[in-house]
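Undergrad: Okay, so here is start03.pdb, and as you'll see once you scroll down, it has PDB, C-alpha atoms, pLDDT in the B column.
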```pdb
ATOM      1  CA  HIS I1138      89.613  48.248 163.046  1.00 81.00           C
ATOM      2  CA  PHE I1139      85.907  48.293 163.859  1.00 84.00           C
ATOM      3  CA  GLY I1140      85.635  51.457 165.935  1.00 82.00           C
ATOM      4  CA  THR I1141      83.409  52.150 168.922  1.00 84.00           C
ATOM      5  CA  SER I1142      80.245  52.305 166.824  1.00 85.00           C
ATOM      6  CA  ILE I1143      79.830  48.520 167.212  1.00 89.00           C
ATOM      7  CA  LEU I1144      79.548  48.757 171.005  1.00 89.00           C
ATOM      8  CA  GLN I1145      76.259  48.758 172.900  1.00 87.00           C
ATOM      9  CA  THR I1146      77.573  51.527 175.153  1.00 84.00           C
ATOM     10  CA  PRO I1147      80.973  53.264 175.227  1.00 81.00           C
ATOM     11  CA  GLY I1148      83.405  50.713 176.649  1.00 79.00           C
ATOM     12  CA  GLY I1149      80.607  48.145 176.786  1.00 84.00           C
ATOM     13  CA  ALA I1150      79.787  44.864 175.130  1.00 91.00           C
ATOM     14  CA  ILE I1151      79.786  44.367 171.384  1.00 92.00           C
ATOM     15  CA  ASP I1152      76.443  44.895 169.668  1.00 90.00           C
ATOM     16  CA  ARG I1153      76.279  41.801 167.444  1.00 89.00           C
ATOM     17  CA  ALA I1154      73.778  43.394 165.067  1.00 88.00           C
ATOM     18  CA  LYS I1155      76.033  46.405 164.501  1.00 90.00           C
ATOM     19  CA  LEU I1156      79.106  44.227 164.074  1.00 92.00           C
ATOM     20  CA  GLY I1157      77.172  42.042 161.626  1.00 91.00           C
ATOM     21  CA  ALA I1158      76.202  45.083 159.594  1.00 90.00           C
ATOM     22  CA  VAL I1159      79.899  45.953 159.282  1.00 91.00           C
ATOM     23  CA  ILE I1160      81.407  42.545 158.542  1.00 93.00           C
ATOM     24  CA  PHE I1161      78.747  41.306 156.155  1.00 92.00           C
ATOM     25  CA  ASN I1162      79.238  44.383 153.998  1.00 89.00           C
ATOM     26  CA  ASP I1163      83.048  44.391 154.053  1.00 92.00           C
ATOM     27  CA  SER I1164      84.798  41.106 153.255  1.00 92.00           C
ATOM     28  CA  GLU I1165      88.202  42.414 154.401  1.00 94.00           C
ATOM     29  CA  LYS I1166      86.842  43.242 157.862  1.00 94.00           C
ATOM     30  CA  ARG I1167      85.044  39.886 157.992  1.00 94.00           C
ATOM     31  CA  GLN I1168      88.307  38.097 157.161  1.00 94.00           C
ATOM     32  CA  LEU I1169      90.131  40.128 159.812  1.00 95.00           C
ATOM     33  CA  LEU I1170      87.517  39.230 162.426  1.00 94.00           C
ATOM     34  CA  ASN I1171      87.734  35.547 161.439  1.00 94.00           C
ATOM     35  CA  ARG I1172      91.546  35.600 161.685  1.00 94.00           C
ATOM     36  CA  CYS I1173      91.259  37.087 165.173  1.00 93.00           C
ATOM     37  CA  THR I1174      88.501  34.845 166.521  1.00 93.00           C
ATOM     38  CA  HIS I1175      89.015  31.460 164.849  1.00 93.00           C
ATOM     39  CA  PRO I1176      92.210  30.494 166.731  1.00 94.00           C
ATOM     40  CA  PHE I1177      90.443  31.137 170.056  1.00 94.00           C
ATOM     41  CA  VAL I1178      87.333  29.260 168.910  1.00 93.00           C
ATOM     42  CA  ARG I1179      89.471  26.344 167.704  1.00 92.00           C
ATOM     43  CA  ARG I1180      91.291  26.105 171.070  1.00 93.00           C
ATOM     44  CA  ARG I1181      87.986  26.290 172.950  1.00 93.00           C
ATOM     45  CA  ILE I1182      86.480  23.507 170.824  1.00 92.00           C
ATOM     46  CA  LEU I1183      89.555  21.305 171.307  1.00 91.00           C
ATOM     47  CA  TRP I1184      89.396  21.840 175.060  1.00 91.00           C
ATOM     48  CA  GLN I1185      85.686  20.954 175.136  1.00 92.00           C
ATOM     49  CA  LEU I1186      86.347  17.843 173.033  1.00 88.00           C
ATOM     50  CA  PHE I1187      89.098  16.802 175.447  1.00 88.00           C
ATOM     51  CA  CYS I1188      86.839  17.372 178.471  1.00 89.00           C
ATOM     52  CA  ASN I1189      84.028  15.346 176.928  1.00 86.00           C
ATOM     53  CA  TYR I1190      86.455  12.584 175.993  1.00 84.00           C
ATOM     54  CA  ALA I1191      87.823  12.544 179.563  1.00 83.00           C
ATOM     55  CA  ARG I1192      84.252  12.185 180.854  1.00 83.00           C
ATOM     56  CA  GLY I1193      83.814   9.100 178.687  1.00 79.00           C
ATOM     57  CA  HIS I1194      81.612  10.571 175.960  1.00 81.00           C
ATOM     58  CA  ALA I1195      82.158   8.652 172.726  1.00 75.00           C
ATOM     59  CA  VAL I1196      80.395  11.220 170.535  1.00 80.00           C
ATOM     60  CA  CYS I1197      80.416  15.026 170.491  1.00 84.00           C
ATOM     61  CA  VAL I1198      78.368  17.260 168.229  1.00 87.00           C
ATOM     62  CA  LEU I1199      79.847  20.540 167.012  1.00 89.00           C
ATOM     63  CA  ASP I1200      77.564  23.220 165.585  1.00 91.00           C
ATOM     64  CA  VAL I1201      79.971  25.311 163.503  1.00 91.00           C
ATOM     65  CA  PRO I1202      78.558  27.439 160.666  1.00 89.00           C
ATOM     66  CA  LEU I1203      82.001  27.982 159.099  1.00 92.00           C
ATOM     67  CA  LEU I1204      83.275  24.446 159.693  1.00 94.00           C
ATOM     68  CA  TYR I1205      84.850  24.002 156.251  1.00 95.00           C
ATOM     69  CA  GLU I1206      85.789  27.631 155.720  1.00 93.00           C
ATOM     70  CA  ALA I1207      87.736  27.684 159.003  1.00 92.00           C
ATOM     71  CA  GLY I1208      89.318  24.264 158.440  1.00 92.00           C
ATOM     72  CA  MET I1209      87.682  22.903 161.587  1.00 92.00           C
ATOM     73  CA  HIS I1210      86.340  19.879 159.709  1.00 93.00           C
ATOM     74  CA  ARG I1211      89.777  18.362 160.305  1.00 91.00           C
ATOM     75  CA  MET I1212      88.838  17.934 163.974  1.00 88.00           C
ATOM     76  CA  CYS I1213      85.852  15.764 163.048  1.00 89.00           C
ATOM     77  CA  ALA I1214      85.698  12.048 162.393  1.00 86.00           C
ATOM     78  CA  LYS I1215      82.375  12.565 160.592  1.00 90.00           C
ATOM     79  CA  VAL I1216      80.586  15.642 159.283  1.00 93.00           C
ATOM     80  CA  VAL I1217      76.846  16.060 158.903  1.00 94.00           C
ATOM     81  CA  VAL I1218      75.557  19.040 156.957  1.00 94.00           C
ATOM     82  CA  VAL I1219      72.054  20.215 157.767  1.00 93.00           C
ATOM     83  CA  ALA I1220      70.879  21.616 154.451  1.00 94.00           C
ATOM     84  CA  CYS I1221      68.008  23.551 152.973  1.00 94.00           C
ATOM     85  CA  ALA I1222      67.508  25.613 149.844  1.00 95.00           C
ATOM     86  CA  ARG I1223      69.189  29.030 149.737  1.00 95.00           C
ATOM     87  CA  GLU I1224      65.826  30.798 149.676  1.00 95.00           C
ATOM     88  CA  VAL I1225      64.715  28.928 152.808  1.00 95.00           C
ATOM     89  CA  GLN I1226      67.971  29.979 154.519  1.00 94.00           C
ATOM     90  CA  VAL I1227      67.356  33.613 153.592  1.00 97.00           C
ATOM     91  CA  GLU I1228      63.729  33.551 154.794  1.00 96.00           C
ATOM     92  CA  ARG I1229      64.658  31.893 158.094  1.00 95.00           C
ATOM     93  CA  LEU I1230      67.428  34.425 158.750  1.00 94.00           C
ATOM     94  CA  MET I1231      65.030  37.295 158.048  1.00 96.00           C
ATOM     95  CA  GLU I1232      62.469  35.845 160.445  1.00 96.00           C
ATOM     96  CA  ARG I1233      64.846  34.754 163.215  1.00 94.00           C
ATOM     97  CA  ASN I1234      67.164  37.788 163.238  1.00 92.00           C
ATOM     98  CA  GLY I1235      64.802  40.476 162.014  1.00 93.00           C
ATOM     99  CA  LEU I1236      67.035  41.161 159.004  1.00 93.00           C
ATOM    100  CA  SER I1237      66.120  42.780 155.720  1.00 94.00           C
ATOM    101  CA  ARG I1238      66.295  40.574 152.623  1.00 96.00           C
ATOM    102  CA  GLU I1239      69.534  42.292 151.585  1.00 94.00           C
ATOM    103  CA  GLU I1240      71.148  41.668 154.998  1.00 94.00           C
ATOM    104  CA  ALA I1241      70.073  38.019 155.028  1.00 95.00           C
ATOM    105  CA  VAL I1242      71.385  37.440 151.494  1.00 96.00           C
ATOM    106  CA  ALA I1243      74.740  39.017 152.469  1.00 94.00           C
ATOM    107  CA  ARG I1244      75.067  36.587 155.387  1.00 94.00           C
ATOM    108  CA  VAL I1245      74.192  33.534 153.323  1.00 95.00           C
ATOM    109  CA  ASP I1246      76.544  34.644 150.538  1.00 94.00           C
ATOM    110  CA  ALA I1247      79.394  35.057 153.067  1.00 93.00           C
ATOM    111  CA  GLN I1248      79.409  31.274 153.610  1.00 93.00           C
ATOM    112  CA  MET I1249      80.379  28.407 151.359  1.00 95.00           C
ATOM    113  CA  PRO I1250      77.298  27.350 149.375  1.00 95.00           C
ATOM    114  CA  VAL I1251      75.417  24.591 151.174  1.00 95.00           C
ATOM    115  CA  GLU I1252      75.631  22.442 148.033  1.00 95.00           C
ATOM    116  CA  ASP I1253      79.427  22.508 148.272  1.00 96.00           C
ATOM    117  CA  LYS I1254      79.300  21.645 151.970  1.00 96.00           C
ATOM    118  CA  ALA I1255      76.911  18.767 151.237  1.00 96.00           C
ATOM    119  CA  LYS I1256      79.327  17.331 148.652  1.00 97.00           C
ATOM    120  CA  ARG I1257      82.093  17.222 151.261  1.00 96.00           C
ATOM    121  CA  ALA I1258      79.957  15.879 154.117  1.00 95.00           C
ATOM    122  CA  ASP I1259      79.689  12.278 155.273  1.00 94.00           C
ATOM    123  CA  ALA I1260      75.917  12.714 155.570  1.00 94.00           C
ATOM    124  CA  VAL I1261      73.322  15.346 154.744  1.00 95.00           C
ATOM    125  CA  VAL I1262      70.186  16.035 156.763  1.00 93.00           C
ATOM    126  CA  ASN I1263      67.395  17.758 154.866  1.00 92.00           C
ATOM    127  CA  ASN I1264      66.018  20.707 156.837  1.00 92.00           C
ATOM    128  CA  GLU I1265      63.263  21.871 154.506  1.00 91.00           C
ATOM    129  CA  GLY I1266      60.440  19.859 156.034  1.00 88.00           C
ATOM    130  CA  SER I1267      58.944  19.753 159.491  1.00 89.00           C
ATOM    131  CA  MET I1268      60.922  19.451 162.712  1.00 88.00           C
ATOM    132  CA  GLU I1269      59.691  15.853 163.020  1.00 91.00           C
ATOM    133  CA  GLU I1270      60.998  14.987 159.551  1.00 93.00           C
ATOM    134  CA  MET I1271      64.369  16.478 160.369  1.00 89.00           C
ATOM    135  CA  GLN I1272      64.518  14.579 163.666  1.00 90.00           C
ATOM    136  CA  GLU I1273      63.838  11.343 161.760  1.00 91.00           C
ATOM    137  CA  GLU I1274      66.728  12.167 159.400  1.00 91.00           C
ATOM    138  CA  VAL I1275      69.036  12.830 162.360  1.00 88.00           C
ATOM    139  CA  CYS I1276      68.014   9.549 164.007  1.00 87.00           C
ATOM    140  CA  ARG I1277      68.733   7.720 160.754  1.00 89.00           C
ATOM    141  CA  VAL I1278      72.250   9.142 160.643  1.00 89.00           C
ATOM    142  CA  VAL I1279      72.891   8.438 164.332  1.00 84.00           C
ATOM    143  CA  ARG I1280      71.692   4.836 164.015  1.00 83.00           C
ATOM    144  CA  ALA I1281      73.913   4.291 160.986  1.00 85.00           C
ATOM    145  CA  TRP I1282      76.964   5.701 162.755  1.00 81.00           C
ATOM    146  CA  HIS I1283      76.424   4.500 166.314  1.00 71.00           C
ATOM    147  CA  PRO I1284      79.678   2.789 167.222  1.00 63.00           C
ATOM    148  CA  ALA I1285      79.706  -0.732 168.610  1.00 63.00           C
ATOM    149  CA  PRO I1286      80.296  -0.834 172.400  1.00 63.00           C
ATOM    150  CA  TRP I1287      83.671  -2.562 171.991  1.00 58.00           C
ATOM    151  CA  ARG I1288      84.854   0.242 169.684  1.00 61.00           C
ATOM    152  CA  VAL I1289      83.790   2.875 172.200  1.00 59.00           C
ATOM    153  CA  ALA I1290      85.614   1.039 174.995  1.00 62.00           C
ATOM    154  CA  GLY I1291      88.701   0.654 172.811  1.00 62.00           C
ATOM    155  CA  ALA I1292      88.702   4.319 171.846  1.00 62.00           C
ATOM    156  CA  LEU I1293      88.333   5.427 175.451  1.00 62.00           C
ATOM    157  CA  LEU I1294      90.956   3.025 176.791  1.00 65.00           C
ATOM    158  CA  ALA I1295      93.589   3.513 174.079  1.00 63.00           C
ATOM    159  CA  PRO I1296      95.106   6.694 175.574  1.00 65.00           C
ATOM    160  CA  VAL I1297      95.165   5.139 179.053  1.00 65.00           C
ATOM    161  CA  ILE I1298      96.900   2.030 177.731  1.00 71.00           C
ATOM    162  CA  GLY I1299      99.316   4.190 175.726  1.00 68.00           C
ATOM    163  CA  LEU I1300     100.135   6.305 178.766  1.00 69.00           C
ATOM    164  CA  GLY I1301     100.661   3.161 180.837  1.00 74.00           C
ATOM    165  CA  ALA I1302     103.000   1.752 178.210  1.00 79.00           C
ATOM    166  CA  LEU I1303     104.928   5.018 178.073  1.00 79.00           C
ATOM    167  CA  CYS I1304     105.293   5.036 181.869  1.00 79.00           C
ATOM    168  CA  ALA I1305     106.443   1.401 181.865  1.00 83.00           C
ATOM    169  CA  TRP I1306     109.015   2.195 179.171  1.00 81.00           C
ATOM    170  CA  ALA I1307     110.266   5.240 181.100  1.00 79.00           C
ATOM    171  CA  VAL I1308     110.573   3.247 184.337  1.00 82.00           C
ATOM    172  CA  ALA I1309     112.445   0.490 182.506  1.00 82.00           C
ATOM    173  CA  LYS I1310     114.826   3.074 181.029  1.00 79.00           C
ATOM    174  CA  VAL I1311     115.479   4.661 184.425  1.00 81.00           C
ATOM    175  CA  LEU I1312     115.934   1.314 186.187  1.00 80.00           C
ATOM    176  CA  GLY I1313     118.176   0.092 183.369  1.00 74.00           C
ATOM    177  CA  ARG I1314     120.514   3.051 183.988  1.00 63.00           C
ATOM    178  CA  MET I1315     120.840   2.408 187.712  1.00 52.00           C
TER     179      MET I1315
END
```
Would you encode the structure as structure tokens?

TA:
Amino acid sequence: HFGTSILQTPGGAIDRAKLGAVIFNDSEKRQLLNRCTHPFVRRRILWQLFCNYARGHAVCVLDVPLLYEAGMHRMCAKVVVVACAREVQVERLMERNGLSREEAVARVDAQMPVEDKAKRADAVVNNEGSMEEMQEEVCRVVRAWHPAPWRVAGALLAPVIGLGALCAWAVAKVLGRM
């Protein structure tokens, strides 16, 4: 569907800039790429969430640009949108990725407008100021959401208790048949 022109070398790795030039100028190809990659990404995120949960981490942060578009918000107990004006997004993309204005606008326009994401979010962090101001906003959100220790313990122990109860029930069933 994308041809060999998106490869760095014949048979080599994908050149992300070349692929971006294709998908951000052709919505059908972008949708095809998303249909191909999102199931893998979703499984990988779920696995990482499980691993972090198993390690006892009560909170995980996902950085997913297409969180709502891909339906991955359903995996999240809370969603924070880091927002800035569209023009700031475009300028930052141009600077960070070395894109032309047209290329940066195409990438921003390929996503749900940040205003729509902000309406759906549990919290919004303003990212138009300095890094220090944004960090203060993030700390505010974290402090407001930080779960009480007893809730963390309960959340981490619930599956263990459930598994224990299931095992006890199974043993009782087997012993009851003997």

Undergrad: By how many Å are atom CA of Ala1154 of chain I and atom CA of Met1268 of chain I apart?

TA: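 Spanning atom CA of Ala1154 of chain I to atom CA of Met1268 of chain I is a straight-line distance of 27.3 Å.
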
Undergrad: Starting from the displayed file, determine the output of the PyMOL selection byres ((chain I and resi 1235-1252) around 10) and express the residue list as a ChimeraX atom specification.

TA: /I:1154,1157-1158,1160-1162,1164,1167,1202-1206,1218-1224,1226-1234,1253-1258

Undergrad: Check which residues satisfy the PyMOL selection byres ((chain I and resi 1273-1276) around 12) in the file shown, then give them as number ranges by chain.

TA: I: 1198, 1217-1220, 1260-1272, 1277-1283

Undergrad: Using atom CA of Ala1307 of chain I and atom CA of Tyr1190 of chain I as the two end points, give the distance in Å to one decimal.

TA: 25.4 Å

Undergrad: Val1178 of chain I: which residues within 10 Å, counting all atoms listed in the file, same-chain residues fewer than 5 positions away excluded, as number ranges by chain?

TA: I: 1171, 1173, 1183-1184, 1201, 1209
